[in-house]
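Visitor: Just input08.cif, nothing more (mmCIF, C-alpha atoms):
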```
data_input
#
loop_
_atom_site.label_atom_id
_atom_site.label_comp_id
_atom_site.auth_asym_id
_atom_site.auth_seq_id
_atom_site.Cartn_x
_atom_site.Cartn_y
_atom_site.Cartn_z
CA MET A 1 120.39 187.82 88.74
CA PHE A 2 119.58 188.90 85.23
CA ILE A 3 117.81 191.92 83.83
CA LEU A 4 116.99 193.34 80.42
CA THR A 5 118.40 196.76 79.54
CA LYS A 6 117.15 198.80 76.61
CA ILE A 7 119.89 200.51 74.59
CA ALA A 8 120.18 202.68 71.47
CA ASP A 9 123.41 202.59 69.51
CA LEU A 10 125.01 202.99 66.13
CA VAL A 11 126.17 199.80 64.48
CA GLN A 12 128.77 199.91 61.70
CA ILE A 13 128.83 196.97 59.34
CA ALA A 14 132.06 196.47 57.44
CA PRO A 15 131.92 195.47 53.76
CA ALA A 16 133.40 192.08 54.63
CA GLN A 17 130.18 191.33 56.52
CA PHE A 18 127.82 192.23 53.70
CA GLU A 19 127.31 188.59 52.83
CA LYS A 20 125.55 188.06 56.14
CA HIS A 21 121.86 188.83 56.55
CA SER A 22 121.47 192.31 58.06
CA ARG A 23 119.90 190.91 61.18
CA VAL A 24 122.81 188.54 61.73
CA ALA A 25 125.40 191.23 61.00
CA ILE A 26 123.73 193.60 63.46
CA GLU A 27 123.47 190.97 66.16
CA ASP A 28 127.11 189.95 65.74
CA ASN A 29 128.23 193.56 65.91
CA ILE A 30 126.24 194.23 69.07
CA ASN A 31 127.49 191.06 70.75
CA ALA A 32 131.09 191.74 69.74
CA LYS A 33 130.83 195.14 71.36
CA TYR A 34 128.91 194.31 74.55
CA SER A 35 129.20 190.64 75.43
CA ASN A 36 131.29 189.97 78.56
CA ARG A 37 131.81 193.70 79.16
CA VAL A 38 130.70 195.85 82.04
CA ILE A 39 128.65 199.00 81.57
CA GLN A 40 129.00 201.25 84.60
CA LYS A 41 125.95 201.16 86.89
CA ILE A 42 124.26 198.70 84.53
CA GLY A 43 126.11 195.41 84.99
CA LEU A 44 127.92 192.68 83.08
CA CYS A 45 126.45 192.41 79.58
CA ILE A 46 125.64 188.90 78.42
CA CYS A 47 124.24 189.26 74.90
CA MET A 48 121.55 190.81 72.74
CA TYR A 49 118.08 189.59 73.71
CA ASP A 50 116.05 191.13 70.91
CA LEU A 51 116.33 193.78 68.23
CA LEU A 52 113.54 196.33 68.68
CA TRP A 53 114.21 198.65 65.80
CA ALA A 54 116.78 199.31 63.07
CA SER A 55 117.07 202.24 60.68
CA GLU A 56 117.88 202.04 57.00
CA GLY A 57 121.57 201.49 56.45
CA LEU A 58 123.57 204.52 55.34
CA ILE A 59 126.89 204.03 53.65
CA GLY A 60 129.59 206.11 55.29
CA HIS A 61 131.48 208.54 53.15
CA GLY A 62 134.94 207.26 52.27
CA THR A 63 134.84 204.15 54.48
CA GLY A 64 132.23 201.93 52.88
CA LEU A 65 130.88 201.07 56.32
CA VAL A 66 127.13 200.76 56.55
CA ASN A 67 125.78 202.77 59.49
CA VAL A 68 122.63 201.52 61.12
CA ASN A 69 120.89 203.07 64.12
CA VAL A 70 119.45 200.36 66.33
CA GLU A 71 117.47 199.89 69.51
CA PHE A 72 117.74 196.59 71.26
CA ARG A 73 117.48 194.84 74.60
CA LEU A 74 120.45 193.24 76.25
CA ILE A 75 120.57 190.48 78.88
CA VAL A 76 122.64 191.82 81.76
CA PHE A 77 124.01 190.16 84.90
CA ARG A 78 123.09 192.46 87.76
CA PRO A 79 121.93 190.76 90.94
CA PHE A 80 119.85 193.19 92.99
CA LYS A 81 120.68 194.20 96.54
CA GLY A 82 119.24 191.62 98.87
CA GLU A 83 119.33 188.89 96.23
CA THR A 84 120.64 185.49 97.27
CA ILE A 85 122.87 183.86 94.67
CA LEU A 86 125.05 180.79 94.25
CA GLY A 87 128.82 180.89 93.92
CA ARG A 88 131.95 178.98 94.79
CA ILE A 89 134.71 179.87 97.20
CA SER A 90 137.83 180.78 95.25
CA SER A 91 140.14 181.83 98.10
CA ALA A 92 140.19 183.16 101.64
CA THR A 93 142.23 185.78 103.49
CA PRO A 94 141.99 187.23 107.00
CA GLU A 95 139.87 189.98 105.44
CA GLY A 96 137.22 187.60 104.18
CA ILE A 97 136.26 185.14 101.48
CA ASN A 98 136.54 185.58 97.72
CA ILE A 99 133.80 183.95 95.72
CA ARG A 100 133.37 183.39 92.03
CA THR A 101 130.95 181.96 89.55
CA ASP A 102 131.96 180.33 86.29
CA PHE A 103 131.52 183.61 84.45
CA PHE A 104 132.07 186.32 87.10
CA GLU A 105 134.88 186.42 89.63
CA GLU A 106 134.49 189.58 91.64
CA ILE A 107 132.45 188.63 94.68
CA PHE A 108 133.71 189.27 98.19
CA VAL A 109 132.32 188.49 101.63
CA SER A 110 134.07 190.46 104.37
CA TYR A 111 134.89 188.76 107.69
CA LYS A 112 132.38 191.15 109.24
CA GLU A 113 129.67 189.48 107.19
CA LEU A 114 130.42 185.94 108.36
CA PRO A 115 128.54 184.43 111.32
CA GLU A 116 129.92 185.60 114.67
CA SER A 117 131.84 182.57 115.82
CA CYS A 118 133.99 182.28 112.73
CA GLU A 119 137.75 182.08 112.86
CA PHE A 120 140.49 182.19 110.27
CA ASN A 121 143.02 179.38 110.10
CA HIS A 122 146.29 180.84 108.86
CA ASN A 123 147.94 177.53 108.08
CA ALA A 124 145.14 176.22 105.94
CA GLN A 125 144.09 179.69 104.72
CA LEU A 126 140.45 179.03 105.34
CA TRP A 127 137.60 180.21 107.52
CA THR A 128 135.90 177.94 110.00
CA TRP A 129 132.51 178.35 111.60
CA VAL A 130 132.54 177.02 115.15
CA VAL A 131 129.13 175.98 116.42
CA ASP A 132 129.26 174.52 119.92
CA ASP A 133 131.96 171.93 119.42
CA ASP A 134 131.40 171.43 115.74
CA ARG A 135 133.78 172.96 113.24
CA MET A 136 132.44 173.65 109.79
CA TYR A 137 134.78 174.64 107.03
CA TYR A 138 134.50 177.20 104.27
CA ASP A 139 136.57 175.05 101.94
CA LYS A 140 137.93 176.19 98.66
CA ASN A 141 135.65 175.38 95.68
CA GLU A 142 132.73 174.73 97.99
CA PRO A 143 129.37 175.91 96.58
CA VAL A 144 127.93 178.67 98.76
CA ARG A 145 124.90 180.90 98.92
CA LEU A 146 125.40 184.55 99.68
CA SER A 147 123.22 187.60 99.73
CA VAL A 148 124.23 190.74 97.84
CA ILE A 149 124.59 193.80 100.08
CA ASP A 150 126.50 196.21 97.92
CA GLU A 151 128.19 196.76 94.58
CA VAL A 152 131.36 198.67 93.71
CA TRP A 153 131.94 200.35 90.35
CA HIS A 154 135.19 201.54 88.87
CA ASP A 155 135.08 203.42 85.64
CA GLN A 156 138.22 202.46 83.77
CA VAL A 157 138.60 205.64 81.80
CA PRO A 158 142.18 205.67 80.61
CA GLU A 159 144.26 208.39 82.20
CA GLY A 160 147.88 209.11 81.47
CA THR A 161 149.81 206.55 79.48
CA ALA A 162 148.57 203.25 78.20
CA GLU A 163 150.75 201.38 80.70
CA ASP A 164 149.24 203.28 83.62
CA ALA A 165 145.78 202.42 82.44
CA VAL A 166 146.59 198.72 82.12
CA GLU A 167 148.16 198.69 85.57
CA GLN A 168 145.15 200.35 87.07
CA ALA A 169 142.71 198.08 85.31
CA LYS A 170 144.47 195.09 86.86
CA LYS A 171 143.96 196.46 90.36
CA LEU A 172 140.40 197.66 90.10
CA SER A 173 137.73 195.58 88.47
CA PRO A 174 134.97 197.59 86.84
CA TYR A 175 132.20 195.88 88.78
CA SER A 176 132.40 193.89 91.97
CA ILE A 177 129.84 192.57 94.39
CA GLN A 178 129.93 192.58 98.19
CA GLY A 179 127.95 189.89 99.93
CA THR A 180 126.97 188.61 103.33
CA MET A 181 126.62 185.12 104.75
CA MET A 182 125.27 186.19 108.12
CA LYS A 183 121.84 184.65 107.95
CA GLU A 184 120.45 181.18 108.38
CA GLY A 185 120.47 179.40 105.03
CA LEU A 186 123.50 181.27 103.71
CA GLY A 187 127.04 179.93 103.55
CA VAL A 188 128.13 176.52 102.36
CA CYS A 189 125.17 174.90 100.58
CA ILE A 190 125.39 171.41 102.02
CA TRP A 191 125.09 172.73 105.59
CA TRP A 192 121.47 173.41 104.84
CA ASP A 193 120.72 170.65 102.37
CA ASP A 194 118.97 167.99 104.36
CA THR A 195 117.15 169.26 107.35
CA GLU A 196 114.70 166.96 109.02
CA GLU A 197 111.29 168.52 108.59
CA MET B 198 125.62 204.28 73.08
CA LYS B 199 122.60 205.52 74.95
CA ILE B 200 120.79 203.71 77.73
CA LEU B 201 117.08 204.03 77.06
CA GLU B 202 115.90 202.03 80.04
CA SER B 203 118.35 200.61 82.55
CA GLN B 204 116.01 197.87 83.67
CA SER B 205 113.05 196.99 81.52
CA ALA B 206 112.53 193.52 82.96
CA LEU B 207 113.79 190.97 85.45
CA LEU B 208 114.60 187.51 84.06
CA THR B 209 114.75 184.21 85.88
CA ASN B 210 117.73 181.92 85.42
CA HIS B 211 115.44 179.50 83.63
CA GLU B 212 114.58 182.13 81.01
CA VAL B 213 118.24 183.03 80.46
CA TYR B 214 119.17 179.37 80.31
CA THR B 215 116.50 178.62 77.71
CA PHE B 216 117.51 181.65 75.67
CA LEU B 217 121.20 180.71 75.62
CA GLN B 218 120.51 177.09 74.82
CA ASN B 219 118.29 178.06 71.91
CA GLN B 220 120.89 180.50 70.70
CA ALA B 221 123.60 177.85 70.81
CA ARG B 222 121.37 175.43 68.89
CA GLU B 223 120.39 178.01 66.27
CA TYR B 224 123.97 179.05 65.67
CA GLN B 225 124.94 175.44 65.22
CA GLU B 226 122.12 174.81 62.75
CA GLN B 227 123.09 177.88 60.75
CA LYS B 228 126.74 176.86 60.90
CA ARG B 229 127.49 180.22 62.39
CA ARG B 230 129.76 181.31 65.20
CA GLY B 231 129.15 184.36 67.32
CA PRO B 232 131.98 186.69 68.30
CA GLY B 233 134.59 185.02 70.52
CA ASN B 234 133.67 187.00 73.63
CA LEU B 235 130.07 185.82 73.33
CA GLU B 236 130.98 182.18 72.71
CA THR B 237 133.20 182.14 75.81
CA LEU B 238 130.69 183.84 78.04
CA ARG B 239 127.83 181.64 76.86
CA ARG B 240 129.83 178.51 77.61
CA GLU B 241 130.75 179.72 81.10
CA LEU B 242 127.26 180.87 81.90
CA LEU B 243 125.65 177.62 80.77
CA GLN B 244 128.19 175.78 82.88
CA TYR B 245 127.18 177.86 85.90
CA LEU B 246 123.46 177.35 85.34
CA ARG B 247 123.99 173.61 84.92
CA SER B 248 126.17 173.22 88.00
CA GLU B 249 125.14 170.61 90.51
CA GLU B 250 123.49 172.89 93.10
CA ASN B 251 121.45 174.60 90.45
CA PRO B 252 117.91 173.23 89.98
CA LEU B 253 118.34 173.63 86.21
CA SER B 254 120.94 170.86 86.29
CA GLN B 255 118.29 168.28 87.03
CA GLU B 256 117.45 165.68 84.40
CA PRO B 257 114.74 165.37 83.22
CA PRO B 258 114.19 169.14 83.51
CA ALA B 259 112.16 170.13 86.55
CA TYR B 260 111.17 173.46 85.02
CA ASN B 261 109.08 174.35 82.01
CA ASP B 262 107.59 177.55 80.64
CA GLU B 263 104.47 177.23 82.77
CA SER B 264 106.37 176.86 86.04
CA ILE B 265 106.26 180.56 86.93
CA ALA B 266 102.53 180.90 86.39
CA LYS B 267 101.83 177.76 88.43
CA LEU B 268 104.07 178.89 91.24
CA LEU B 269 102.48 182.35 91.38
CA GLU B 270 99.07 180.70 91.58
CA ARG B 271 100.13 178.29 94.32
CA LEU B 272 101.80 180.96 96.47
CA ARG B 273 99.25 183.69 95.84
CA PRO B 274 97.95 183.86 99.44
CA TYR B 275 101.37 184.79 100.78
CA GLU B 276 102.04 188.06 98.96
CA ILE B 277 105.57 187.17 98.02
CA GLN B 278 107.41 190.00 96.29
CA LYS B 279 108.63 189.88 92.73
CA GLY B 280 112.33 189.73 93.62
CA GLU B 281 111.66 186.97 96.11
CA MET B 282 109.71 185.05 93.51
CA VAL B 283 112.66 185.25 91.12
CA MET B 284 114.96 183.91 93.83
CA ILE B 285 112.53 181.08 94.56
CA MET B 286 112.61 180.15 90.86
CA ASN B 287 116.39 180.38 90.74
CA LEU B 288 117.29 178.62 93.98
CA ARG B 289 114.27 176.41 94.69
CA PRO B 290 114.32 176.61 98.49
CA VAL B 291 112.48 173.49 99.63
CA ASN B 292 113.36 173.60 103.31
CA ILE B 293 112.97 176.24 106.00
CA PRO B 294 116.60 177.44 106.33
CA MET B 295 116.90 177.83 102.57
CA LEU B 296 113.59 179.66 102.47
CA ASN B 297 114.88 181.97 105.18
CA ALA B 298 117.77 182.94 102.93
CA VAL B 299 115.31 184.06 100.28
CA LEU B 300 112.36 185.65 102.12
CA GLU B 301 113.04 188.87 103.96
CA ASP B 302 111.92 188.91 107.60
CA MET B 303 110.42 185.47 107.13
CA GLU B 304 109.84 184.87 110.83
CA GLU B 305 107.75 188.01 111.23
CA ARG B 306 105.81 187.64 108.02
CA PHE B 307 104.86 183.99 108.17
CA THR B 308 103.86 181.52 110.85
CA ALA B 309 105.66 178.19 111.10
CA GLU B 310 102.75 176.47 109.31
CA GLU B 311 102.80 179.02 106.53
CA GLN B 312 106.54 178.56 106.06
CA GLU B 313 106.01 174.82 105.80
CA ASP B 314 103.27 175.33 103.26
CA ILE B 315 105.38 177.69 101.13
CA ALA B 316 108.24 175.19 101.05
CA ALA B 317 105.79 172.39 100.23
CA GLY B 318 104.23 174.50 97.45
CA ILE B 319 107.62 175.16 95.92
CA GLU B 320 108.40 171.47 95.96
CA GLU B 321 105.02 170.62 94.40
CA VAL B 322 105.53 172.96 91.47
CA LEU B 323 109.29 172.94 90.96
CA GLY B 324 110.21 169.53 92.35
CA LYS B 325 113.37 168.86 94.30
CA PHE B 326 116.63 167.00 93.98
CA PRO B 327 116.33 163.26 94.51
CA PRO B 328 117.96 162.21 97.79
CA LYS B 329 121.69 162.22 97.29
CA GLY B 330 123.05 158.84 96.28
CA GLN B 331 126.26 160.85 96.41
CA GLY B 332 126.89 161.83 92.82
CA GLU B 333 130.27 160.34 92.00
CA GLU B 334 130.93 162.36 88.88
CA GLU B 335 132.37 165.40 90.57
CA GLY B 336 134.61 164.20 93.33
CA ASP B 337 136.97 167.10 93.88
CA ALA B 338 134.62 169.65 95.37
CA MET B 339 132.99 167.26 97.77
CA GLN B 340 135.74 166.31 100.18
CA THR B 341 136.00 167.20 103.86
CA THR B 342 132.45 168.35 104.12
CA GLU B 343 130.89 165.53 106.07
CA ASN B 344 130.88 167.47 109.35
CA GLY B 345 127.89 169.52 108.21
CA SER B 346 124.30 168.58 109.03
#
```
Could you rewrite the structure in this file as structure tokens?

Guide:
Amino acid sequence: MFILTKIADLVQIAPAQFEKHSRVAIEDNINAKYSNRVIQKIGLCICMYDLLWASEGLIGHGTGLVNVNVEFRLIVFRPFKGETILGRISSATPEGINIRTDFFEEIFVSYKELPESCEFNHNAQLWTWVVDDDRMYYDKNEPVRLSVIDEVWHDQVPEGTAEDAVEQAKKLSPYSIQGTMMKEGLGVCIWWDDTEE
Amino acid sequence: MKILESQSALLTNHEVYTFLQNQAREYQEQKRRGPGNLETLRRELLQYLRSEENPLSQEPPAYNDESIAKLLERLRPYEIQKGEMVMIMNLRPVNIPMLNAVLEDMEERFTAEEQEDIAAGIEEVLGKFPPKGQGEEEGDAMQTTENGS
């Protein structure tokens, strides 16, 4: 689920932060910039893992900001294709099931990726897996396992007015994951919990 | 910003969990708060990694820093790939259907006995959840699911 990504960047330390140790100021700056943000084709950044290198600080002309060139590694959430991960069902529609984790909400399993004999119950807004005469429910909030089959990226480069950009950002999340539950062992966790050996 | 290496390593959940826990402890000792976005994300991520289905939620901890090395040693004969190994660490599949969700083409690659032995090996090294005495703490998510098995 997690990888390390190596990045080079310029960190600017404001005079108000001079009382901090350099290492702390640099780390805080990096985390403020990256943590909980998506880098296109990289993933959701968690936080700085380690600082590999930092240049001497150079005071910027006229601003008083100290400029430091740094290289560091970042912990990034980026499950690989084919990886099985845990999540919880957040909602269901005829198109499929939306799944979230505590920190990442954009996971979707299309109806095409559910086991064959699944049906959608419009009244209850949930999917049911019918096996022989048993009905098993994909209930809301239920912990599930799914396997990642694809990822979708949307670069939110602002175009046009600020309002347009905000509108568009609401519709398209920068990074979302498509999953499947069409394999034994996937789907609602407790279905597979206690099998007699 | 310049990406120097998009993926320089793969981390297990246990490694990320340990890192974040240490970070939280260090910050507290130094009476220091990280940026708000980090504090929020760390809290949510720790919550996820500690959730009931997650092996890291177990007390006393079932994992330690030697777990990976021991597991690699135990499963050496089976040529399990790196990605699969990471999933085994993260999900701890101790029965056959769960193992099937983690190993690609399991049926073709391993005989029934081998599958049993892999699951047993995982349980030996990483342990498993004690049989459910039905944890009462978190009631809301557990309703209407008795028709499973």

Visitor: Could you pull the residues within 7 Å of stretch 217-233 of chain B, counting all atoms listed in the file, minus those fewer than 5 positions along the same chain, as a ChimeraX atom specification?

Guide: /A:28,31-32 /B:239

Visitor: Would you save the residues of that selection, restricted to C-alpha atoms, as a PDB file, in the coordinates of the input?

Guide:
```
ATOM      1  CA  ASP A  28     127.110 189.950  65.740  1.00  0.00           C
ATOM      2  CA  ASN A  31     127.490 191.060  70.750  1.00  0.00           C
ATOM      3  CA  ALA A  32     131.090 191.740  69.740  1.00  0.00           C
TER       4      ALA A  32
ATOM      5  CA  ARG B 239     127.830 181.640  76.860  1.00  0.00           C
TER       6      ARG B 239
END
```

Visitor: Expand the PyMOL selection byres ((chain A) within 7 of (chain B)) into the explicit residue set it covers here, and present it as a PDB file with C-alpha atoms, keeping the file's coordinate frame.

Guide:
```
ATOM      1  CA  PHE A   2     119.580 188.900  85.230  1.00  0.00           C
ATOM      2  CA  ILE A   3     117.810 191.920  83.830  1.00  0.00           C
ATOM      3  CA  LEU A   4     116.990 193.340  80.420  1.00  0.00           C
ATOM      4  CA  THR A   5     118.400 196.760  79.540  1.00  0.00           C
ATOM      5  CA  LYS A   6     117.150 198.800  76.610  1.00  0.00           C
ATOM      6  CA  ILE A   7     119.890 200.510  74.590  1.00  0.00           C
ATOM      7  CA  ALA A   8     120.180 202.680  71.470  1.00  0.00           C
ATOM      8  CA  ASP A   9     123.410 202.590  69.510  1.00  0.00           C
ATOM      9  CA  ASP A  28     127.110 189.950  65.740  1.00  0.00           C
ATOM     10  CA  ASN A  31     127.490 191.060  70.750  1.00  0.00           C
ATOM     11  CA  ALA A  32     131.090 191.740  69.740  1.00  0.00           C
ATOM     12  CA  SER A  35     129.200 190.640  75.430  1.00  0.00           C
ATOM     13  CA  ASN A  36     131.290 189.970  78.560  1.00  0.00           C
ATOM     14  CA  ILE A  42     124.260 198.700  84.530  1.00  0.00           C
ATOM     15  CA  CYS A  47     124.240 189.260  74.900  1.00  0.00           C
ATOM     16  CA  THR A  84     120.640 185.490  97.270  1.00  0.00           C
ATOM     17  CA  THR A 101     130.950 181.960  89.550  1.00  0.00           C
ATOM     18  CA  ASP A 102     131.960 180.330  86.290  1.00  0.00           C
ATOM     19  CA  PHE A 103     131.520 183.610  84.450  1.00  0.00           C
ATOM     20  CA  MET A 136     132.440 173.650 109.790  1.00  0.00           C
ATOM     21  CA  ASN A 141     135.650 175.380  95.680  1.00  0.00           C
ATOM     22  CA  GLU A 142     132.730 174.730  97.990  1.00  0.00           C
ATOM     23  CA  LYS A 183     121.840 184.650 107.950  1.00  0.00           C
ATOM     24  CA  GLU A 184     120.450 181.180 108.380  1.00  0.00           C
ATOM     25  CA  GLY A 185     120.470 179.400 105.030  1.00  0.00           C
ATOM     26  CA  LEU A 186     123.500 181.270 103.710  1.00  0.00           C
ATOM     27  CA  ILE A 190     125.390 171.410 102.020  1.00  0.00           C
ATOM     28  CA  TRP A 191     125.090 172.730 105.590  1.00  0.00           C
ATOM     29  CA  TRP A 192     121.470 173.410 104.840  1.00  0.00           C
TER      30      TRP A 192
END
```

Visitor: As a ChimeraX atom specification, please: the residues near A:Ile30 (cut-off 10 Å, all atoms listed in the file, same-chain neighbours under 2 positions excluded).

Guide: /A:9-12,24-28,32-35,47-48,51,70,72,74 /B:232

Visitor: Report as a PDB file with C-alpha atoms, keeping the file's coordinate frame all protein, DNA and RNA residues lying within 9 Å of A:Met181, evaluated on all atoms listed in the file, omitting residues in the same chain fewer than 3 positions from it.

Guide:
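And here's around.pdb as it stands now:
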```
ATOM      1  CA  VAL A 109     132.320 188.490 101.630  1.00  0.00           C
ATOM      2  CA  GLU A 113     129.670 189.480 107.190  1.00  0.00           C
ATOM      3  CA  LEU A 114     130.420 185.940 108.360  1.00  0.00           C
ATOM      4  CA  PRO A 115     128.540 184.430 111.320  1.00  0.00           C
ATOM      5  CA  VAL A 144     127.930 178.670  98.760  1.00  0.00           C
ATOM      6  CA  ARG A 145     124.900 180.900  98.920  1.00  0.00           C
ATOM      7  CA  LEU A 146     125.400 184.550  99.680  1.00  0.00           C
ATOM      8  CA  SER A 147     123.220 187.600  99.730  1.00  0.00           C
ATOM      9  CA  GLU A 184     120.450 181.180 108.380  1.00  0.00           C
ATOM     10  CA  GLY A 185     120.470 179.400 105.030  1.00  0.00           C
ATOM     11  CA  LEU A 186     123.500 181.270 103.710  1.00  0.00           C
ATOM     12  CA  GLY A 187     127.040 179.930 103.550  1.00  0.00           C
TER      13      GLY A 187
END
```

Visitor: One decimal, in Å: what's the spacing between atom CA of B:Asn261 and atom CA of B:Arg289?

Guide: 13.9 Å

Visitor: Rounded to one decimal, what separation in Å do you get between atom CA of A:Gln178 and atom CA of A:Ser110?

Guide: 7.7 Å

Visitor: For A:His154, find every residue with an atom within 12 Å (counting only C-alpha atoms), except residues of its own chain fewer than 6 positions away, and show them as a PyMOL selection string.

Guide: chain A and resi 38-41+43+168-177

Visitor: Kindly give the distance, in Å, that separates atom CA of A:Pro143 and atom CA of A:Ile85, rounded to a single decimal.

Guide: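 For atom CA of A:Pro143 relative to atom CA of A:Ile85, the distance reads 10.4 Å.
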
Visitor: Which neighbours of A:His122 fall inside 9 Å, counting all atoms listed in the file, when residues of the same chain fewer than 5 positions from it are skipped, and could you give them as a list in words?

Guide: Thr93, Pro94 and Trp127 of chain A

Visitor: Out of A:Ala16, A:Met1, A:Val68, A:Ala124, which residue has the shortest atom-to-atom distance to A:Val148 when counting all atoms listed in the file?

Guide: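 Among A:Ala16, A:Met1, A:Val68, A:Ala124, it is A:Met1 that comes nearest to A:Val148.
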
Visitor: If the PyMOL selection byres ((chain B and resi 256) around 12) were run on this exact file, what residues would it hold? Put them as a PDB file with C-alpha atoms, keeping the file's coordinate frame.

Guide:
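Written out: result-v6.pdb:
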```
ATOM      1  CA  ARG B 247     123.990 173.610  84.920  1.00  0.00           C
ATOM      2  CA  GLU B 249     125.140 170.610  90.510  1.00  0.00           C
ATOM      3  CA  ASN B 251     121.450 174.600  90.450  1.00  0.00           C
ATOM      4  CA  PRO B 252     117.910 173.230  89.980  1.00  0.00           C
ATOM      5  CA  LEU B 253     118.340 173.630  86.210  1.00  0.00           C
ATOM      6  CA  SER B 254     120.940 170.860  86.290  1.00  0.00           C
ATOM      7  CA  GLN B 255     118.290 168.280  87.030  1.00  0.00           C
ATOM      8  CA  PRO B 257     114.740 165.370  83.220  1.00  0.00           C
ATOM      9  CA  PRO B 258     114.190 169.140  83.510  1.00  0.00           C
ATOM     10  CA  ALA B 259     112.160 170.130  86.550  1.00  0.00           C
ATOM     11  CA  TYR B 260     111.170 173.460  85.020  1.00  0.00           C
ATOM     12  CA  GLY B 324     110.210 169.530  92.350  1.00  0.00           C
ATOM     13  CA  LYS B 325     113.370 168.860  94.300  1.00  0.00           C
ATOM     14  CA  PHE B 326     116.630 167.000  93.980  1.00  0.00           C
ATOM     15  CA  PRO B 327     116.330 163.260  94.510  1.00  0.00           C
TER      16      PRO B 327
END
```

Visitor: With all atoms listed in the file as the atoms that count, which of B:Asp302, B:Met282, B:Gln312, B:Thr215 lies nearest to B:Glu270?

Guide: B:Met282

Visitor: What residues have an atom no more than 8 Å from (123.9, 192.6, 94.3) in the file's own frame, counting all atoms listed in the file, and can you write them as a CSV table (one decimal) with C-alpha atoms, in the frame of the given file?

Guide:
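Here's the written file result-v7.csv:
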```
chain,number,residue,atom,x,y,z
A,78,ARG,CA,123.1,192.5,87.8
A,79,PRO,CA,121.9,190.8,90.9
A,80,PHE,CA,119.8,193.2,93.0
A,81,LYS,CA,120.7,194.2,96.5
A,82,GLY,CA,119.2,191.6,98.9
A,83,GLU,CA,119.3,188.9,96.2
A,147,SER,CA,123.2,187.6,99.7
A,148,VAL,CA,124.2,190.7,97.8
A,149,ILE,CA,124.6,193.8,100.1
A,150,ASP,CA,126.5,196.2,97.9
A,151,GLU,CA,128.2,196.8,94.6
A,177,ILE,CA,129.8,192.6,94.4
A,178,GLN,CA,129.9,192.6,98.2
A,179,GLY,CA,128.0,189.9,99.9
```

Visitor: Quick one: of A:Val131, A:Leu126, A:Ile97, A:Asn29, who's nearest to A:Asn67, counting only C-alpha atoms?

Guide: A:Asn29

Visitor: Please determine, counting only C-alpha atoms, which residue among A:Cys45, A:Ile13, A:Cys118, A:Ala54 has the shortest atom-to-atom distance to A:Ile75.

Guide: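 That would be A:Cys45, the residue with the smallest distance to A:Ile75.
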